[in-house]
Amino acid sequence: MEKLVFEIQINASPEKVWSVLWDDISYRQWTTAFAEGSFYQGTLEEGNIIKFLDPNNNGMFSRVEKNVPAKEIKFLHLGEIYGGVEAPQDWGEATEAYILEENEEGTKLKSEIQTPAEFKGFFEEKFPKALGIVKNLSENQL
């Protein structure tokens with residue numbers, strides 16, 4: 001398992017950054033960095049299962065491990081989805097967390113990912129782009 005950490009400083013409040021991360025329209029915008037047309041199904045309450053999907057119903061399903069609005073959310077990835085069919089995986093502690101820390105300049109957004117080595121390159125390429133879109137949306141939306 002590889003631990004990856006990505007950080008970006010955003011000139012916006014934690015509440016604004018949180019809204020950009022998880023509101024449906026802006027979520028679909030920043031996740032284009034991973035796959036065009038990405039969206040999620042489900043609600044972000046602790047213990048709930050969320051499906052992260054592309055327009056072909058491919059993606060992954062995860063459990064919300066922690067949700068403290070405007071501060072931190074953490075997902076445990078449970079498996080992949082192919083054509084809408086869930087395929088559980090034995091990934092162990094494959095997690096993805098978003099941590100928002102308020103500071104003088106706005107918000108530091110940190111993403112911590114525990115991933116199988118096979119996905120490391122994908123995340124290293126895509127995550128900085130995704131966080132850049134979050135920054136742009138957070139700083140430029142009314």
# chains A, B, ... in the order shown; residues from 1 in each chain; ligands from 1
>>> residues_around(residues="Ile73 in chain A", least_positions_apart="3", cutoff="9 Å", atoms="only C-alpha atoms", output="list of chain:residue names")
A:Leu44, A:Glu46, A:Val64, A:Glu65, A:Lys66, A:Asn67, A:Val68, A:Pro69, A:Ala70, A:Glu96, A:Ala97, A:Tyr98, A:Ile99
>>> write_last_selection(atoms="all heavy atoms", output="mmCIF file, in the first residue's frame")
data_model
loop_
_atom_site.group_PDB
_atom_site.id
_atom_site.type_symbol
_atom_site.label_atom_id
_atom_site.label_comp_id
_atom_site.auth_asym_id
_atom_site.auth_seq_id
_atom_site.Cartn_x
_atom_site.Cartn_y
_atom_site.Cartn_z
ATOM 1 N N LEU A 44 -23.409 11.509 1.935
ATOM 2 C CA LEU A 44 -22.094 11.502 2.574
ATOM 3 C C LEU A 44 -22.159 11.344 4.097
ATOM 4 O O LEU A 44 -21.298 11.840 4.799
ATOM 5 C CB LEU A 44 -21.345 12.780 2.203
ATOM 6 C CG LEU A 44 -21.083 12.957 0.707
ATOM 7 C CD1 LEU A 44 -20.483 14.320 0.427
ATOM 8 C CD2 LEU A 44 -20.181 11.851 0.189
ATOM 9 N N GLU A 46 -21.747 9.331 7.632
ATOM 10 C CA GLU A 46 -20.855 8.268 8.113
ATOM 11 C C GLU A 46 -21.573 6.928 8.089
ATOM 12 O O GLU A 46 -22.726 6.814 8.479
ATOM 13 C CB GLU A 46 -20.367 8.589 9.533
ATOM 14 C CG GLU A 46 -19.357 9.712 9.553
ATOM 15 C CD GLU A 46 -18.797 10.003 10.943
ATOM 16 O OE1 GLU A 46 -18.968 9.177 11.853
ATOM 17 O OE2 GLU A 46 -18.196 11.080 11.099
ATOM 18 N N VAL A 64 -18.293 5.720 3.762
ATOM 19 C CA VAL A 64 -17.900 6.967 4.425
ATOM 20 C C VAL A 64 -17.488 6.600 5.848
ATOM 21 O O VAL A 64 -18.307 6.182 6.656
ATOM 22 C CB VAL A 64 -19.049 7.995 4.436
ATOM 23 C CG1 VAL A 64 -18.598 9.280 5.131
ATOM 24 C CG2 VAL A 64 -19.540 8.286 3.021
ATOM 25 N N GLU A 65 -16.202 6.733 6.146
ATOM 26 C CA GLU A 65 -15.656 6.386 7.461
ATOM 27 C C GLU A 65 -15.778 7.539 8.449
ATOM 28 O O GLU A 65 -15.938 7.329 9.643
ATOM 29 C CB GLU A 65 -14.184 5.990 7.341
ATOM 30 C CG GLU A 65 -13.959 4.727 6.525
ATOM 31 C CD GLU A 65 -14.352 3.475 7.281
ATOM 32 O OE1 GLU A 65 -13.652 3.133 8.251
ATOM 33 O OE2 GLU A 65 -15.365 2.869 6.922
ATOM 34 N N LYS A 66 -15.651 8.759 7.916
ATOM 35 C CA LYS A 66 -15.673 9.949 8.777
ATOM 36 C C LYS A 66 -16.201 11.105 7.952
ATOM 37 O O LYS A 66 -15.866 11.233 6.770
ATOM 38 C CB LYS A 66 -14.256 10.247 9.275
ATOM 39 C CG LYS A 66 -14.141 11.424 10.222
ATOM 40 C CD LYS A 66 -12.711 11.566 10.724
ATOM 41 C CE LYS A 66 -12.604 12.622 11.805
ATOM 42 N NZ LYS A 66 -11.241 12.746 12.312
ATOM 43 N N ASN A 67 -17.039 11.953 8.567
ATOM 44 C CA ASN A 67 -17.507 13.156 7.893
ATOM 45 C C ASN A 67 -17.738 14.241 8.932
ATOM 46 O O ASN A 67 -18.679 14.178 9.717
ATOM 47 C CB ASN A 67 -18.790 12.891 7.107
ATOM 48 C CG ASN A 67 -19.234 14.125 6.332
ATOM 49 O OD1 ASN A 67 -18.721 15.224 6.539
ATOM 50 N ND2 ASN A 67 -20.185 13.946 5.437
ATOM 51 N N VAL A 68 -16.827 15.211 8.945
ATOM 52 C CA VAL A 68 -16.961 16.405 9.780
ATOM 53 C C VAL A 68 -17.039 17.566 8.784
ATOM 54 O O VAL A 68 -16.010 17.998 8.257
ATOM 55 C CB VAL A 68 -15.764 16.568 10.742
ATOM 56 C CG1 VAL A 68 -15.949 17.808 11.609
ATOM 57 C CG2 VAL A 68 -15.563 15.320 11.583
ATOM 58 N N PRO A 69 -18.265 18.036 8.459
ATOM 59 C CA PRO A 69 -18.423 19.034 7.397
ATOM 60 C C PRO A 69 -17.481 20.233 7.536
ATOM 61 O O PRO A 69 -17.273 20.757 8.623
ATOM 62 C CB PRO A 69 -19.899 19.453 7.540
ATOM 63 C CG PRO A 69 -20.566 18.220 8.073
ATOM 64 C CD PRO A 69 -19.550 17.642 9.047
ATOM 65 N N ALA A 70 -16.919 20.606 6.379
ATOM 66 C CA ALA A 70 -15.983 21.729 6.238
ATOM 67 C C ALA A 70 -14.653 21.487 6.948
ATOM 68 O O ALA A 70 -13.836 22.388 7.065
ATOM 69 C CB ALA A 70 -16.605 23.050 6.692
ATOM 70 N N GLU A 96 -9.216 7.268 1.215
ATOM 71 C CA GLU A 96 -9.061 8.570 0.568
ATOM 72 C C GLU A 96 -9.670 9.589 1.519
ATOM 73 O O GLU A 96 -10.841 9.464 1.879
ATOM 74 C CB GLU A 96 -9.797 8.555 -0.762
ATOM 75 C CG GLU A 96 -9.627 9.764 -1.612
ATOM 76 C CD GLU A 96 -10.246 9.572 -2.990
ATOM 77 O OE1 GLU A 96 -10.367 8.423 -3.468
ATOM 78 O OE2 GLU A 96 -10.624 10.587 -3.587
ATOM 79 N N ALA A 97 -8.875 10.554 1.954
ATOM 80 C CA ALA A 97 -9.347 11.560 2.914
ATOM 81 C C ALA A 97 -9.098 12.956 2.357
ATOM 82 O O ALA A 97 -8.113 13.197 1.658
ATOM 83 C CB ALA A 97 -8.634 11.401 4.252
ATOM 84 N N TYR A 98 -10.023 13.850 2.690
ATOM 85 C CA TYR A 98 -9.907 15.260 2.346
ATOM 86 C C TYR A 98 -9.956 16.032 3.652
ATOM 87 O O TYR A 98 -10.930 15.928 4.399
ATOM 88 C CB TYR A 98 -11.049 15.700 1.424
ATOM 89 C CG TYR A 98 -11.011 14.996 0.093
ATOM 90 C CD1 TYR A 98 -11.561 13.728 -0.057
ATOM 91 C CD2 TYR A 98 -10.388 15.580 -0.999
ATOM 92 C CE1 TYR A 98 -11.516 13.058 -1.271
ATOM 93 C CE2 TYR A 98 -10.329 14.920 -2.215
ATOM 94 C CZ TYR A 98 -10.895 13.661 -2.347
ATOM 95 O OH TYR A 98 -10.827 12.999 -3.550
ATOM 96 N N ILE A 99 -8.888 16.776 3.935
ATOM 97 C CA ILE A 99 -8.755 17.500 5.195
ATOM 98 C C ILE A 99 -8.618 18.988 4.869
ATOM 99 O O ILE A 99 -7.752 19.379 4.078
ATOM 100 C CB ILE A 99 -7.535 16.984 5.983
ATOM 101 C CG1 ILE A 99 -7.721 15.493 6.268
ATOM 102 C CG2 ILE A 99 -7.339 17.776 7.272
ATOM 103 C CD1 ILE A 99 -6.438 14.722 6.372
#
>>> select_by_dssp(residues="range 48-128 of chain A", states="strand (DSSP E or B)", output="PyMOL selection string")
chain A and resi 49-53+59-68+72-82+85-88+95-103+106-115
>>> residues_around(residues="Gly59 in chain A", least_positions_apart="2", cutoff="6 Å", atoms="only C-alpha atoms", output="VMD selection string")
chain A and resid 52 to 53 80 to 81
>>> closest_residue(among="A:Lys16, A:His77, A:Lys51, A:Lys71", to="Thr115 in chain A", atoms="only C-alpha atoms")
A:His77
>>> atom_distance(atom1="CA of Gln29 in chain A", atom2="CA of Glu72 in chain A")
20.4 Å
>>> residues_around(residues="Ser38 in chain A", least_positions_apart="6", cutoff="6 Å", atoms="only C-alpha atoms", output="number ranges by chain")
A: 28, 31, 53-54
>>> residues_around(residues="Leu76 in chain A", least_positions_apart="4", cutoff="6 Å", atoms="only C-alpha atoms", output="list in words")
Ser62, Arg63, Ala94 and Thr95 of chain A
>>> residues_around(residues="Met1 in chain A", least_positions_apart="3", cutoff="7 Å", atoms="only C-alpha atoms", output="PyMOL selection string")
chain A and resi 114-117
>>> write_last_selection(atoms="C-alpha atoms", output="compact mmCIF listing (two decimals), in the first residue's frame")
# COMPACT_ATOMS: atom_id res chain seq x y z
CA GLN A 114 -3.71 4.93 0.83
CA THR A 115 -3.67 3.06 -2.46
CA PRO A 116 -2.46 -0.21 -3.92
CA ALA A 117 0.78 0.40 -5.83
>>> closest_residue(among="A:Val85, A:Val17, A:Ala33, A:Leu100", to="Lys129 in chain A", atoms="only C-alpha atoms")
A:Ala33
>>> residues_around(residues="Glu86 in chain A", least_positions_apart="2", cutoff="10 Å", atoms="only C-alpha atoms", output="list in words")
Lys51, Asn58, Gly59, Met60, Phe61, Leu78, Gly79, Glu80, Ile81, Tyr82, Gly83, Gly84, Pro88 and Gln89 of chain A
>>> write_last_selection(atoms="N, CA, C and O atoms", output="PDB file, in the first residue's frame")
ATOM      1  N   LYS A  51     -21.219   5.413  -4.279  1.00  0.00           N
ATOM      2  CA  LYS A  51     -20.704   4.911  -5.554  1.00  0.00           C
ATOM      3  C   LYS A  51     -20.132   6.088  -6.335  1.00  0.00           C
ATOM      4  O   LYS A  51     -20.818   7.085  -6.551  1.00  0.00           O
ATOM      5  N   ASN A  58     -19.069   2.706 -14.572  1.00  0.00           N
ATOM      6  CA  ASN A  58     -17.841   2.085 -14.088  1.00  0.00           C
ATOM      7  C   ASN A  58     -17.264   2.991 -13.009  1.00  0.00           C
ATOM      8  O   ASN A  58     -17.388   4.210 -13.087  1.00  0.00           O
ATOM      9  N   GLY A  59     -16.627   2.390 -12.003  1.00  0.00           N
ATOM     10  CA  GLY A  59     -16.014   3.202 -10.963  1.00  0.00           C
ATOM     11  C   GLY A  59     -15.686   2.384  -9.739  1.00  0.00           C
ATOM     12  O   GLY A  59     -15.177   1.265  -9.855  1.00  0.00           O
ATOM     13  N   MET A  60     -16.009   2.930  -8.575  1.00  0.00           N
ATOM     14  CA  MET A  60     -15.724   2.220  -7.327  1.00  0.00           C
ATOM     15  C   MET A  60     -16.798   2.521  -6.305  1.00  0.00           C
ATOM     16  O   MET A  60     -17.532   3.496  -6.436  1.00  0.00           O
ATOM     17  N   PHE A  61     -16.873   1.654  -5.302  1.00  0.00           N
ATOM     18  CA  PHE A  61     -17.791   1.918  -4.197  1.00  0.00           C
ATOM     19  C   PHE A  61     -17.002   1.931  -2.908  1.00  0.00           C
ATOM     20  O   PHE A  61     -15.998   1.245  -2.765  1.00  0.00           O
ATOM     21  N   LEU A  78     -14.006  -0.049  -1.115  1.00  0.00           N
ATOM     22  CA  LEU A  78     -14.361  -1.457  -0.923  1.00  0.00           C
ATOM     23  C   LEU A  78     -14.260  -2.291  -2.190  1.00  0.00           C
ATOM     24  O   LEU A  78     -14.095  -3.502  -2.110  1.00  0.00           O
ATOM     25  N   GLY A  79     -14.389  -1.649  -3.349  1.00  0.00           N
ATOM     26  CA  GLY A  79     -14.319  -2.433  -4.581  1.00  0.00           C
ATOM     27  C   GLY A  79     -14.582  -1.585  -5.800  1.00  0.00           C
ATOM     28  O   GLY A  79     -14.809  -0.376  -5.719  1.00  0.00           O
ATOM     29  N   GLU A  80     -14.562  -2.259  -6.935  1.00  0.00           N
ATOM     30  CA  GLU A  80     -14.759  -1.607  -8.214  1.00  0.00           C
ATOM     31  C   GLU A  80     -16.159  -1.900  -8.733  1.00  0.00           C
ATOM     32  O   GLU A  80     -16.815  -2.838  -8.288  1.00  0.00           O
ATOM     33  N   ILE A  81     -16.588  -1.080  -9.678  1.00  0.00           N
ATOM     34  CA  ILE A  81     -17.885  -1.259 -10.322  1.00  0.00           C
ATOM     35  C   ILE A  81     -17.637  -1.304 -11.823  1.00  0.00           C
ATOM     36  O   ILE A  81     -16.970  -0.431 -12.381  1.00  0.00           O
ATOM     37  N   TYR A  82     -18.153  -2.352 -12.474  1.00  0.00           N
ATOM     38  CA  TYR A  82     -18.029  -2.517 -13.924  1.00  0.00           C
ATOM     39  C   TYR A  82     -19.434  -2.647 -14.496  1.00  0.00           C
ATOM     40  O   TYR A  82     -20.157  -3.580 -14.151  1.00  0.00           O
ATOM     41  N   GLY A  83     -19.827  -1.678 -15.337  1.00  0.00           N
ATOM     42  CA  GLY A  83     -21.151  -1.729 -15.935  1.00  0.00           C
ATOM     43  C   GLY A  83     -22.257  -1.785 -14.894  1.00  0.00           C
ATOM     44  O   GLY A  83     -23.285  -2.416 -15.101  1.00  0.00           O
ATOM     45  N   GLY A  84     -22.031  -1.127 -13.762  1.00  0.00           N
ATOM     46  CA  GLY A  84     -23.026  -1.077 -12.709  1.00  0.00           C
ATOM     47  C   GLY A  84     -22.977  -2.238 -11.735  1.00  0.00           C
ATOM     48  O   GLY A  84     -23.727  -2.270 -10.763  1.00  0.00           O
ATOM     49  N   PRO A  88     -16.350  -6.571  -5.209  1.00  0.00           N
ATOM     50  CA  PRO A  88     -15.551  -6.310  -4.008  1.00  0.00           C
ATOM     51  C   PRO A  88     -14.083  -6.670  -4.223  1.00  0.00           C
ATOM     52  O   PRO A  88     -13.760  -7.633  -4.929  1.00  0.00           O
ATOM     53  N   GLN A  89     -13.195  -5.861  -3.617  1.00  0.00           N
ATOM     54  CA  GLN A  89     -11.755  -6.087  -3.720  1.00  0.00           C
ATOM     55  C   GLN A  89     -11.174  -6.190  -2.313  1.00  0.00           C
ATOM     56  O   GLN A  89     -11.688  -5.586  -1.384  1.00  0.00           O
TER      57      GLN A  89
END
>>> decode(residues="range 40-117 of chain A", atoms="C-alpha atoms", output="PDB file, in the first residue's frame")
ATOM      1  CA  TYR A  40     -21.343  10.043  -7.192  1.00  0.00           C
ATOM      2  CA  GLN A  41     -24.487   8.333  -5.918  1.00  0.00           C
ATOM      3  CA  GLY A  42     -25.462   8.232  -2.268  1.00  0.00           C
ATOM      4  CA  THR A  43     -25.243  10.573   0.688  1.00  0.00           C
ATOM      5  CA  LEU A  44     -22.094  11.502   2.574  1.00  0.00           C
ATOM      6  CA  GLU A  45     -23.241  10.381   6.038  1.00  0.00           C
ATOM      7  CA  GLU A  46     -20.855   8.268   8.113  1.00  0.00           C
ATOM      8  CA  GLY A  47     -21.387   4.566   7.502  1.00  0.00           C
ATOM      9  CA  ASN A  48     -23.110   5.068   4.139  1.00  0.00           C
ATOM     10  CA  ILE A  49     -21.952   3.400   0.928  1.00  0.00           C
ATOM     11  CA  ILE A  50     -21.150   5.829  -1.892  1.00  0.00           C
ATOM     12  CA  LYS A  51     -20.704   4.911  -5.554  1.00  0.00           C
ATOM     13  CA  PHE A  52     -18.191   6.959  -7.553  1.00  0.00           C
ATOM     14  CA  LEU A  53     -19.073   6.456 -11.217  1.00  0.00           C
ATOM     15  CA  ASP A  54     -18.365   7.513 -14.781  1.00  0.00           C
ATOM     16  CA  PRO A  55     -21.102   7.814 -17.461  1.00  0.00           C
ATOM     17  CA  ASN A  56     -20.686   4.092 -18.303  1.00  0.00           C
ATOM     18  CA  ASN A  57     -21.459   3.074 -14.700  1.00  0.00           C
ATOM     19  CA  ASN A  58     -17.841   2.085 -14.088  1.00  0.00           C
ATOM     20  CA  GLY A  59     -16.014   3.202 -10.963  1.00  0.00           C
ATOM     21  CA  MET A  60     -15.724   2.220  -7.327  1.00  0.00           C
ATOM     22  CA  PHE A  61     -17.791   1.918  -4.197  1.00  0.00           C
ATOM     23  CA  SER A  62     -16.702   3.100  -0.791  1.00  0.00           C
ATOM     24  CA  ARG A  63     -17.901   3.534   2.773  1.00  0.00           C
ATOM     25  CA  VAL A  64     -17.900   6.967   4.425  1.00  0.00           C
ATOM     26  CA  GLU A  65     -15.656   6.386   7.461  1.00  0.00           C
ATOM     27  CA  LYS A  66     -15.673   9.949   8.777  1.00  0.00           C
ATOM     28  CA  ASN A  67     -17.507  13.156   7.893  1.00  0.00           C
ATOM     29  CA  VAL A  68     -16.961  16.405   9.780  1.00  0.00           C
ATOM     30  CA  PRO A  69     -18.423  19.034   7.397  1.00  0.00           C
ATOM     31  CA  ALA A  70     -15.983  21.729   6.238  1.00  0.00           C
ATOM     32  CA  LYS A  71     -13.155  19.911   8.076  1.00  0.00           C
ATOM     33  CA  GLU A  72     -12.625  16.279   7.012  1.00  0.00           C
ATOM     34  CA  ILE A  73     -14.133  13.397   5.099  1.00  0.00           C
ATOM     35  CA  LYS A  74     -12.636   9.929   4.736  1.00  0.00           C
ATOM     36  CA  PHE A  75     -13.674   7.052   2.478  1.00  0.00           C
ATOM     37  CA  LEU A  76     -12.708   3.376   2.690  1.00  0.00           C
ATOM     38  CA  HIS A  77     -12.680   1.934  -0.829  1.00  0.00           C
ATOM     39  CA  LEU A  78     -14.361  -1.457  -0.923  1.00  0.00           C
ATOM     40  CA  GLY A  79     -14.319  -2.433  -4.581  1.00  0.00           C
ATOM     41  CA  GLU A  80     -14.759  -1.607  -8.214  1.00  0.00           C
ATOM     42  CA  ILE A  81     -17.885  -1.259 -10.322  1.00  0.00           C
ATOM     43  CA  TYR A  82     -18.029  -2.517 -13.924  1.00  0.00           C
ATOM     44  CA  GLY A  83     -21.151  -1.729 -15.935  1.00  0.00           C
ATOM     45  CA  GLY A  84     -23.026  -1.077 -12.709  1.00  0.00           C
ATOM     46  CA  VAL A  85     -22.002  -4.401 -11.117  1.00  0.00           C
ATOM     47  CA  GLU A  86     -20.060  -4.224  -7.840  1.00  0.00           C
ATOM     48  CA  ALA A  87     -16.878  -6.302  -7.605  1.00  0.00           C
ATOM     49  CA  PRO A  88     -15.551  -6.310  -4.008  1.00  0.00           C
ATOM     50  CA  GLN A  89     -11.755  -6.087  -3.720  1.00  0.00           C
ATOM     51  CA  ASP A  90      -9.414  -7.061  -0.901  1.00  0.00           C
ATOM     52  CA  TRP A  91      -7.601  -3.734  -0.781  1.00  0.00           C
ATOM     53  CA  GLY A  92      -7.261  -3.603   3.002  1.00  0.00           C
ATOM     54  CA  GLU A  93      -6.983   0.001   4.185  1.00  0.00           C
ATOM     55  CA  ALA A  94      -7.423   1.673   0.785  1.00  0.00           C
ATOM     56  CA  THR A  95      -8.599   5.078   1.963  1.00  0.00           C
ATOM     57  CA  GLU A  96      -9.061   8.570   0.568  1.00  0.00           C
ATOM     58  CA  ALA A  97      -9.347  11.560   2.914  1.00  0.00           C
ATOM     59  CA  TYR A  98      -9.907  15.260   2.346  1.00  0.00           C
ATOM     60  CA  ILE A  99      -8.755  17.500   5.195  1.00  0.00           C
ATOM     61  CA  LEU A 100      -9.481  21.241   5.241  1.00  0.00           C
ATOM     62  CA  GLU A 101      -7.433  23.481   7.533  1.00  0.00           C
ATOM     63  CA  GLU A 102      -8.359  27.145   7.864  1.00  0.00           C
ATOM     64  CA  ASN A 103      -5.426  29.578   7.900  1.00  0.00           C
ATOM     65  CA  GLU A 104      -4.636  33.255   7.287  1.00  0.00           C
ATOM     66  CA  GLU A 105      -4.731  32.815   3.501  1.00  0.00           C
ATOM     67  CA  GLY A 106      -7.964  30.817   3.430  1.00  0.00           C
ATOM     68  CA  THR A 107      -7.892  27.034   3.436  1.00  0.00           C
ATOM     69  CA  LYS A 108      -5.212  24.404   3.035  1.00  0.00           C
ATOM     70  CA  LEU A 109      -6.794  21.387   1.330  1.00  0.00           C
ATOM     71  CA  LYS A 110      -4.922  18.167   1.919  1.00  0.00           C
ATOM     72  CA  SER A 111      -5.770  14.831   0.296  1.00  0.00           C
ATOM     73  CA  GLU A 112      -4.315  11.684   1.841  1.00  0.00           C
ATOM     74  CA  ILE A 113      -4.611   8.481  -0.140  1.00  0.00           C
ATOM     75  CA  GLN A 114      -3.712   4.934   0.833  1.00  0.00           C
ATOM     76  CA  THR A 115      -3.668   3.063  -2.461  1.00  0.00           C
ATOM     77  CA  PRO A 116      -2.465  -0.206  -3.919  1.00  0.00           C
ATOM     78  CA  ALA A 117       0.777   0.396  -5.834  1.00  0.00           C
TER      79      ALA A 117
END
